[in-house]
$ cat target25.pdb   # PDB, C-alpha atoms
ATOM      1  CA  MET A   1     -91.717 -43.763  37.089
ATOM      2  CA  ALA A   2     -92.463 -42.623  40.623
ATOM      3  CA  SER A   3     -93.852 -46.080  41.381
ATOM      4  CA  MET A   4     -90.544 -47.778  40.504
ATOM      5  CA  PRO A   5     -88.646 -48.695  43.691
ATOM      6  CA  GLY A   6     -85.571 -46.528  44.318
ATOM      7  CA  SER A   7     -86.465 -44.092  41.526
ATOM      8  CA  GLU A   8     -87.655 -40.501  41.374
ATOM      9  CA  PRO A   9     -89.310 -38.763  38.416
ATOM     10  CA  PRO A  10     -86.722 -37.043  36.181
ATOM     11  CA  LYS A  11     -86.207 -33.271  36.366
ATOM     12  CA  PHE A  12     -86.347 -31.660  32.923
ATOM     13  CA  THR A  13     -84.802 -28.425  31.667
ATOM     14  CA  VAL A  14     -86.145 -27.300  28.289
ATOM     15  CA  ALA A  15     -83.469 -25.572  26.189
ATOM     16  CA  GLY A  16     -85.709 -24.967  23.189
ATOM     17  CA  MET A  17     -88.617 -25.962  20.994
ATOM     18  CA  ILE A  18     -89.010 -25.964  17.232
ATOM     19  CA  ALA A  19     -92.379 -26.221  15.480
ATOM     20  CA  ASP A  20     -93.063 -26.940  11.817
ATOM     21  CA  GLY A  21     -96.422 -27.993  10.441
ATOM     22  CA  ASP A  22     -97.832 -30.789  12.576
ATOM     23  CA  SER A  23     -94.525 -31.497  14.374
ATOM     24  CA  VAL A  24     -92.827 -30.042  17.446
ATOM     25  CA  VAL A  25     -89.311 -30.812  18.699
ATOM     26  CA  CYS A  26     -88.440 -30.223  22.350
ATOM     27  CA  TYR A  27     -84.844 -30.607  23.559
ATOM     28  CA  GLY A  28     -82.793 -29.989  26.674
ATOM     29  CA  ASP A  29     -81.288 -31.722  29.680
ATOM     30  CA  MET A  30     -82.645 -33.915  32.448
ATOM     31  CA  ALA A  31     -81.428 -35.308  35.740
ATOM     32  CA  MET A  32     -82.641 -38.707  36.837
ATOM     33  CA  LYS A  33     -82.016 -40.462  40.134
ATOM     34  CA  ALA A  34     -82.239 -44.239  40.329
ATOM     35  CA  GLN A  35     -80.845 -46.590  42.957
ATOM     36  CA  ASP A  36     -79.477 -43.539  44.890
ATOM     37  CA  GLU A  37     -77.314 -42.556  41.913
ATOM     38  CA  GLU A  38     -78.038 -39.397  39.912
ATOM     39  CA  GLY A  39     -77.266 -39.225  36.209
ATOM     40  CA  SER A  40     -77.262 -36.332  33.742
ATOM     41  CA  TYR A  41     -78.749 -36.756  30.289
ATOM     42  CA  SER A  42     -79.551 -34.765  27.155
ATOM     43  CA  TYR A  43     -82.868 -35.468  25.433
ATOM     44  CA  CYS A  44     -84.754 -34.689  22.256
ATOM     45  CA  ASP A  45     -88.485 -35.428  21.943
ATOM     46  CA  ILE A  46     -90.218 -35.230  18.573
ATOM     47  CA  TYR A  47     -94.016 -34.966  18.650
ATOM     48  CA  ARG A  48     -96.318 -35.317  15.645
ATOM     49  CA  PHE A  49     -99.888 -34.156  16.111
ATOM     50  CA  ALA A  50    -103.123 -35.192  14.429
ATOM     51  CA  GLY A  51    -105.615 -32.487  15.263
ATOM     52  CA  ASP A  52    -105.265 -31.751  18.991
ATOM     53  CA  LYS A  53    -103.852 -35.199  19.900
ATOM     54  CA  VAL A  54    -100.310 -36.581  19.893
ATOM     55  CA  ALA A  55    -100.186 -39.107  17.035
ATOM     56  CA  GLU A  56     -96.514 -40.069  17.416
ATOM     57  CA  LEU A  57     -93.677 -39.483  19.868
ATOM     58  CA  ARG A  58     -90.013 -40.273  19.281
ATOM     59  CA  SER A  59     -87.669 -39.718  22.187
ATOM     60  CA  TYR A  60     -83.868 -39.796  22.185
ATOM     61  CA  VAL A  61     -81.817 -39.756  25.398
ATOM     62  CA  VAL A  62     -78.016 -39.579  25.679
ATOM     63  CA  LYS A  63     -76.177 -40.005  28.978
ATOM     64  CA  GLN A  64     -73.719 -37.201  29.665
ATOM     65  CA  LYS A  65     -70.267 -38.214  30.851
ATOM     66  CA  SER A  66     -69.375 -37.469  34.467
ATOM     67  CA  GLU A  67     -66.380 -35.241  35.228
ATOM     68  CA  GLY A  68     -64.293 -38.339  36.007
ATOM     69  CA  GLU A  69     -65.221 -39.929  32.684
ATOM     70  CA  ARG A  70     -64.358 -36.691  30.812
ATOM     71  CA  ASP A  71     -60.996 -36.411  32.624
ATOM     72  CA  GLN A  72     -60.210 -40.045  31.869
ATOM     73  CA  ALA A  73     -61.041 -39.619  28.165
ATOM     74  CA  ALA A  74     -58.934 -36.435  27.937
ATOM     75  CA  SER A  75     -55.867 -38.149  29.411
ATOM     76  CA  ALA A  76     -56.144 -41.195  27.115
TER      77      ALA A  76
END

$ encode --input "target25.pdb" --output "C-alpha coordinates"
Amino acid sequence: MASMPGSEPPKFTVAGMIADGDSVVCYGDMAMKAQDEEGSYSYCDIYRFAGDKVAELRSYVVKQKSEGERDQAASA
(Lines of atoms letter the chains of each structure in order from A and count residues from 1; the text may use other names and numbers.)
(Lines give C-alpha, C1' and ligand atoms only; values in the text may rest on other atoms or scores of the structure.)
Protein backbone atom coordinates (compact mmCIF):
# COMPACT_ATOMS: atom_id res chain seq x y z
CA MET A 1 0.00 0.00 0.00
CA ALA A 2 2.92 2.33 0.62
CA SER A 3 3.71 2.23 -3.10
CA MET A 4 0.26 3.58 -4.04
CA PRO A 5 0.48 7.30 -4.88
CA GLY A 6 -1.07 9.57 -2.24
CA SER A 7 -1.51 6.71 0.24
CA GLU A 8 0.09 5.74 3.54
CA PRO A 9 -0.02 2.32 5.21
CA PRO A 10 -2.98 2.03 7.61
CA LYS A 11 -2.47 2.35 11.37
CA PHE A 12 -4.06 -0.54 13.26
CA THR A 13 -5.32 -0.74 16.84
CA VAL A 14 -6.04 -4.28 18.02
CA ALA A 15 -8.99 -4.41 20.43
CA GLY A 16 -8.91 -8.18 20.89
CA MET A 17 -8.17 -11.64 19.58
CA ILE A 18 -10.09 -14.88 19.88
CA ALA A 19 -8.57 -18.30 19.15
CA ASP A 20 -10.37 -21.61 18.69
CA GLY A 21 -8.81 -24.68 17.15
CA ASP A 22 -7.04 -23.72 13.94
CA SER A 23 -8.69 -20.27 13.70
CA VAL A 24 -7.87 -16.86 15.14
CA VAL A 25 -10.02 -13.71 14.94
CA CYS A 26 -8.41 -10.30 15.32
CA TYR A 27 -10.56 -7.16 15.51
CA GLY A 28 -10.17 -3.46 16.20
CA ASP A 29 -9.93 -0.09 14.49
CA MET A 30 -7.70 1.38 11.82
CA ALA A 31 -6.98 4.80 10.36
CA MET A 32 -6.12 5.07 6.70
CA LYS A 33 -5.02 8.14 4.78
CA ALA A 34 -5.53 8.30 1.03
CA GLN A 35 -5.56 11.32 -1.26
CA ASP A 36 -4.82 13.57 1.79
CA GLU A 37 -8.06 12.46 3.46
CA GLU A 38 -8.01 10.31 6.61
CA GLY A 39 -10.77 7.81 7.29
CA SER A 40 -11.62 5.74 10.36
CA TYR A 41 -12.61 2.10 10.01
CA SER A 42 -13.42 -0.95 12.11
CA TYR A 43 -12.02 -4.30 10.96
CA CYS A 44 -12.27 -7.99 11.67
CA ASP A 45 -9.72 -10.46 10.27
CA ILE A 46 -10.34 -14.20 10.46
CA TYR A 47 -7.29 -16.43 9.99
CA ARG A 48 -7.36 -20.20 9.50
CA PHE A 49 -4.06 -22.01 9.90
CA ALA A 50 -2.77 -25.26 8.44
CA GLY A 51 0.23 -26.19 10.52
CA ASP A 52 2.33 -23.03 10.93
CA LYS A 53 1.04 -21.33 7.75
CA VAL A 54 -2.01 -19.16 7.08
CA ALA A 55 -4.34 -21.27 4.92
CA GLU A 56 -7.17 -18.73 4.65
CA LEU A 57 -7.79 -15.09 5.52
CA ARG A 58 -11.15 -13.32 5.51
CA SER A 59 -11.12 -9.62 6.21
CA TYR A 60 -14.09 -7.33 6.86
CA VAL A 61 -13.77 -3.54 6.98
CA VAL A 62 -16.51 -1.03 7.85
CA LYS A 63 -16.07 2.72 7.46
CA GLN A 64 -16.98 4.64 10.60
CA LYS A 65 -19.17 7.70 10.15
CA SER A 66 -17.55 11.10 10.69
CA GLU A 67 -18.95 13.42 13.37
CA GLY A 68 -20.77 15.41 10.66
CA GLU A 69 -22.36 12.26 9.27
CA ARG A 70 -23.45 11.16 12.78
CA ASP A 71 -24.93 14.62 13.52
CA GLN A 72 -26.76 14.62 10.19
CA ALA A 73 -28.22 11.15 10.82
CA ALA A 74 -29.31 12.12 14.36
CA SER A 75 -31.18 15.20 13.12
CA ALA A 76 -32.98 13.31 10.33

$ atom_distance --input "target25.pdb" --atom1 "atom CA of A:Arg48" --atom2 "atom CA of A:Val24"
6.6 Å

$ resolve_selection --input "target25.pdb" --expression "the PyMOL selection byres ((chain A and resi 26-33) around 6)" --output "JSON, numbers by chain"
{"A": [7, 8, 10, 11, 12, 13, 14, 15, 16, 17, 25, 34, 37, 38, 39, 40, 41, 42, 43, 44, 45]}

$ residues_near_point --input "target25.pdb" --point "(-94.4, -34.9, 15.6)" --cutoff "8 Å" --atoms "all atoms listed in the file" --output "short mmCIF file (atom, residue, chain, number, x, y, z; two decimals) with C-alpha atoms, in the frame of the given file"
data_model
loop_
_atom_site.label_atom_id
_atom_site.label_comp_id
_atom_site.auth_asym_id
_atom_site.auth_seq_id
_atom_site.Cartn_x
_atom_site.Cartn_y
_atom_site.Cartn_z
CA ASP A 22 -97.83 -30.79 12.58
CA SER A 23 -94.52 -31.50 14.37
CA VAL A 24 -92.83 -30.04 17.45
CA VAL A 25 -89.31 -30.81 18.70
CA ILE A 46 -90.22 -35.23 18.57
CA TYR A 47 -94.02 -34.97 18.65
CA ARG A 48 -96.32 -35.32 15.64
CA PHE A 49 -99.89 -34.16 16.11
CA VAL A 54 -100.31 -36.58 19.89
CA ALA A 55 -100.19 -39.11 17.04
CA GLU A 56 -96.51 -40.07 17.42
CA LEU A 57 -93.68 -39.48 19.87
CA ARG A 58 -90.01 -40.27 19.28
#

$ decode --input "target25.pdb" --residues "stretch 9-56 of chain A" --atoms "N, CA and C atoms" --output "mmCIF file, in the first residue's frame"
data_model
loop_
_atom_site.group_PDB
_atom_site.id
_atom_site.type_symbol
_atom_site.label_atom_id
_atom_site.label_comp_id
_atom_site.auth_asym_id
_atom_site.auth_seq_id
_atom_site.Cartn_x
_atom_site.Cartn_y
_atom_site.Cartn_z
ATOM 1 N N PRO A 9 0.454 3.576 4.621
ATOM 2 C CA PRO A 9 -0.015 2.323 5.211
ATOM 3 C C PRO A 9 -0.994 2.623 6.356
ATOM 4 N N PRO A 10 -2.036 1.798 6.527
ATOM 5 C CA PRO A 10 -2.984 2.030 7.609
ATOM 6 C C PRO A 10 -2.336 1.831 8.975
ATOM 7 N N LYS A 11 -2.907 2.497 9.981
ATOM 8 C CA LYS A 11 -2.470 2.350 11.373
ATOM 9 C C LYS A 11 -3.532 1.532 12.100
ATOM 10 N N PHE A 12 -3.126 0.388 12.627
ATOM 11 C CA PHE A 12 -4.062 -0.543 13.262
ATOM 12 C C PHE A 12 -4.018 -0.440 14.778
ATOM 13 N N THR A 13 -5.180 -0.574 15.401
ATOM 14 C CA THR A 13 -5.316 -0.736 16.842
ATOM 15 C C THR A 13 -6.043 -2.058 17.058
ATOM 16 N N VAL A 14 -5.430 -2.979 17.765
ATOM 17 C CA VAL A 14 -6.040 -4.282 18.020
ATOM 18 C C VAL A 14 -6.829 -4.196 19.318
ATOM 19 N N ALA A 15 -8.137 -4.434 19.242
ATOM 20 C CA ALA A 15 -8.995 -4.414 20.429
ATOM 21 C C ALA A 15 -9.016 -5.785 21.098
ATOM 22 N N GLY A 16 -8.891 -6.847 20.300
ATOM 23 C CA GLY A 16 -8.908 -8.177 20.890
ATOM 24 C C GLY A 16 -8.637 -9.260 19.870
ATOM 25 N N MET A 17 -8.379 -10.453 20.402
ATOM 26 C CA MET A 17 -8.166 -11.641 19.578
ATOM 27 C C MET A 17 -8.878 -12.806 20.240
ATOM 28 N N ILE A 18 -9.412 -13.686 19.402
ATOM 29 C CA ILE A 18 -10.095 -14.882 19.876
ATOM 30 C C ILE A 18 -9.531 -16.064 19.099
ATOM 31 N N ALA A 19 -9.128 -17.111 19.803
ATOM 32 C CA ALA A 19 -8.575 -18.296 19.154
ATOM 33 C C ALA A 19 -9.426 -19.515 19.494
ATOM 34 N N ASP A 20 -9.636 -20.364 18.485
ATOM 35 C CA ASP A 20 -10.372 -21.606 18.685
ATOM 36 C C ASP A 20 -9.895 -22.604 17.639
ATOM 37 N N GLY A 21 -9.301 -23.672 18.078
ATOM 38 C CA GLY A 21 -8.806 -24.684 17.150
ATOM 39 C C GLY A 21 -7.758 -24.118 16.218
ATOM 40 N N ASP A 22 -8.009 -24.210 14.915
ATOM 41 C CA ASP A 22 -7.040 -23.724 13.937
ATOM 42 C C ASP A 22 -7.378 -22.321 13.428
ATOM 43 N N SER A 23 -8.265 -21.607 14.134
ATOM 44 C CA SER A 23 -8.690 -20.275 13.701
ATOM 45 C C SER A 23 -8.408 -19.215 14.752
ATOM 46 N N VAL A 24 -8.093 -18.013 14.266
ATOM 47 C CA VAL A 24 -7.875 -16.855 15.141
ATOM 48 C C VAL A 24 -8.605 -15.667 14.528
ATOM 49 N N VAL A 25 -9.335 -14.930 15.362
ATOM 50 C CA VAL A 25 -10.023 -13.714 14.939
ATOM 51 C C VAL A 25 -9.326 -12.539 15.603
ATOM 52 N N CYS A 26 -9.034 -11.521 14.823
ATOM 53 C CA CYS A 26 -8.407 -10.297 15.317
ATOM 54 C C CYS A 26 -9.315 -9.142 14.904
ATOM 55 N N TYR A 27 -9.660 -8.262 15.854
ATOM 56 C CA TYR A 27 -10.562 -7.157 15.512
ATOM 57 C C TYR A 27 -10.114 -5.872 16.195
ATOM 58 N N GLY A 28 -10.539 -4.751 15.627
ATOM 59 C CA GLY A 28 -10.173 -3.459 16.198
ATOM 60 C C GLY A 28 -10.500 -2.334 15.236
ATOM 61 N N ASP A 29 -9.717 -1.279 15.308
ATOM 62 C CA ASP A 29 -9.926 -0.092 14.495
ATOM 63 C C ASP A 29 -8.671 0.212 13.691
ATOM 64 N N MET A 30 -8.849 0.967 12.607
ATOM 65 C CA MET A 30 -7.697 1.384 11.818
ATOM 66 C C MET A 30 -7.983 2.752 11.210
ATOM 67 N N ALA A 31 -6.913 3.488 11.026
ATOM 68 C CA ALA A 31 -6.984 4.795 10.363
ATOM 69 C C ALA A 31 -6.190 4.677 9.081
ATOM 70 N N MET A 32 -6.772 5.174 7.993
ATOM 71 C CA MET A 32 -6.116 5.066 6.702
ATOM 72 C C MET A 32 -6.205 6.419 5.999
ATOM 73 N N LYS A 33 -5.077 6.871 5.482
ATOM 74 C CA LYS A 33 -5.018 8.140 4.781
ATOM 75 C C LYS A 33 -4.788 7.867 3.304
ATOM 76 N N ALA A 34 -5.673 8.414 2.475
ATOM 77 C CA ALA A 34 -5.534 8.298 1.030
ATOM 78 C C ALA A 34 -5.994 9.601 0.398
ATOM 79 N N GLN A 35 -5.220 10.076 -0.574
ATOM 80 C CA GLN A 35 -5.557 11.321 -1.259
ATOM 81 C C GLN A 35 -5.700 12.476 -0.264
ATOM 82 N N ASP A 36 -4.824 12.530 0.755
ATOM 83 C CA ASP A 36 -4.821 13.574 1.789
ATOM 84 C C ASP A 36 -6.099 13.609 2.615
ATOM 85 N N GLU A 37 -6.847 12.537 2.651
ATOM 86 C CA GLU A 37 -8.057 12.461 3.460
ATOM 87 C C GLU A 37 -7.957 11.239 4.357
ATOM 88 N N GLU A 38 -8.116 11.429 5.670
ATOM 89 C CA GLU A 38 -8.010 10.313 6.606
ATOM 90 C C GLU A 38 -9.393 9.779 6.940
ATOM 91 N N GLY A 39 -9.511 8.465 6.949
ATOM 92 C CA GLY A 39 -10.770 7.813 7.291
ATOM 93 C C GLY A 39 -10.573 6.867 8.457
ATOM 94 N N SER A 40 -11.641 6.664 9.226
ATOM 95 C CA SER A 40 -11.622 5.739 10.361
ATOM 96 C C SER A 40 -12.473 4.527 10.019
ATOM 97 N N TYR A 41 -11.953 3.354 10.358
ATOM 98 C CA TYR A 41 -12.608 2.104 10.007
ATOM 99 C C TYR A 41 -12.543 1.136 11.190
ATOM 100 N N SER A 42 -13.488 0.194 11.215
ATOM 101 C CA SER A 42 -13.421 -0.953 12.109
ATOM 102 C C SER A 42 -13.137 -2.165 11.231
ATOM 103 N N TYR A 43 -12.368 -3.119 11.764
ATOM 104 C CA TYR A 43 -12.018 -4.295 10.958
ATOM 105 C C TYR A 43 -12.146 -5.566 11.781
ATOM 106 N N CYS A 44 -12.273 -6.671 11.071
ATOM 107 C CA CYS A 44 -12.274 -7.994 11.674
ATOM 108 C C CYS A 44 -11.581 -8.922 10.689
ATOM 109 N N ASP A 45 -10.470 -9.515 11.102
ATOM 110 C CA ASP A 45 -9.722 -10.459 10.267
ATOM 111 C C ASP A 45 -9.867 -11.853 10.873
ATOM 112 N N ILE A 46 -10.173 -12.814 10.026
ATOM 113 C CA ILE A 46 -10.335 -14.198 10.464
ATOM 114 C C ILE A 46 -9.283 -15.041 9.754
ATOM 115 N N TYR A 47 -8.381 -15.613 10.524
ATOM 116 C CA TYR A 47 -7.286 -16.428 9.986
ATOM 117 C C TYR A 47 -7.569 -17.896 10.280
ATOM 118 N N ARG A 48 -7.324 -18.758 9.279
ATOM 119 C CA ARG A 48 -7.358 -20.198 9.500
ATOM 120 C C ARG A 48 -5.973 -20.724 9.157
ATOM 121 N N PHE A 49 -5.420 -21.501 10.063
ATOM 122 C CA PHE A 49 -4.063 -22.013 9.903
ATOM 123 C C PHE A 49 -4.074 -23.484 9.512
ATOM 124 N N ALA A 50 -3.070 -23.865 8.732
ATOM 125 C CA ALA A 50 -2.772 -25.261 8.438
ATOM 126 C C ALA A 50 -1.321 -25.450 8.839
ATOM 127 N N GLY A 51 -1.122 -26.096 9.967
ATOM 128 C CA GLY A 51 0.233 -26.192 10.518
ATOM 129 C C GLY A 51 0.669 -24.808 10.973
ATOM 130 N N ASP A 52 1.835 -24.350 10.522
ATOM 131 C CA ASP A 52 2.331 -23.031 10.932
ATOM 132 C C ASP A 52 2.143 -21.977 9.835
ATOM 133 N N LYS A 53 1.276 -22.269 8.848
ATOM 134 C CA LYS A 53 1.039 -21.330 7.746
ATOM 135 C C LYS A 53 -0.424 -20.885 7.714
ATOM 136 N N VAL A 54 -0.647 -19.655 7.259
ATOM 137 C CA VAL A 54 -2.008 -19.158 7.078
ATOM 138 C C VAL A 54 -2.595 -19.834 5.843
ATOM 139 N N ALA A 55 -3.691 -20.573 6.020
ATOM 140 C CA ALA A 55 -4.339 -21.273 4.919
ATOM 141 C C ALA A 55 -5.459 -20.428 4.312
ATOM 142 N N GLU A 56 -6.056 -19.548 5.121
ATOM 143 C CA GLU A 56 -7.168 -18.728 4.647
ATOM 144 C C GLU A 56 -7.235 -17.455 5.474
#
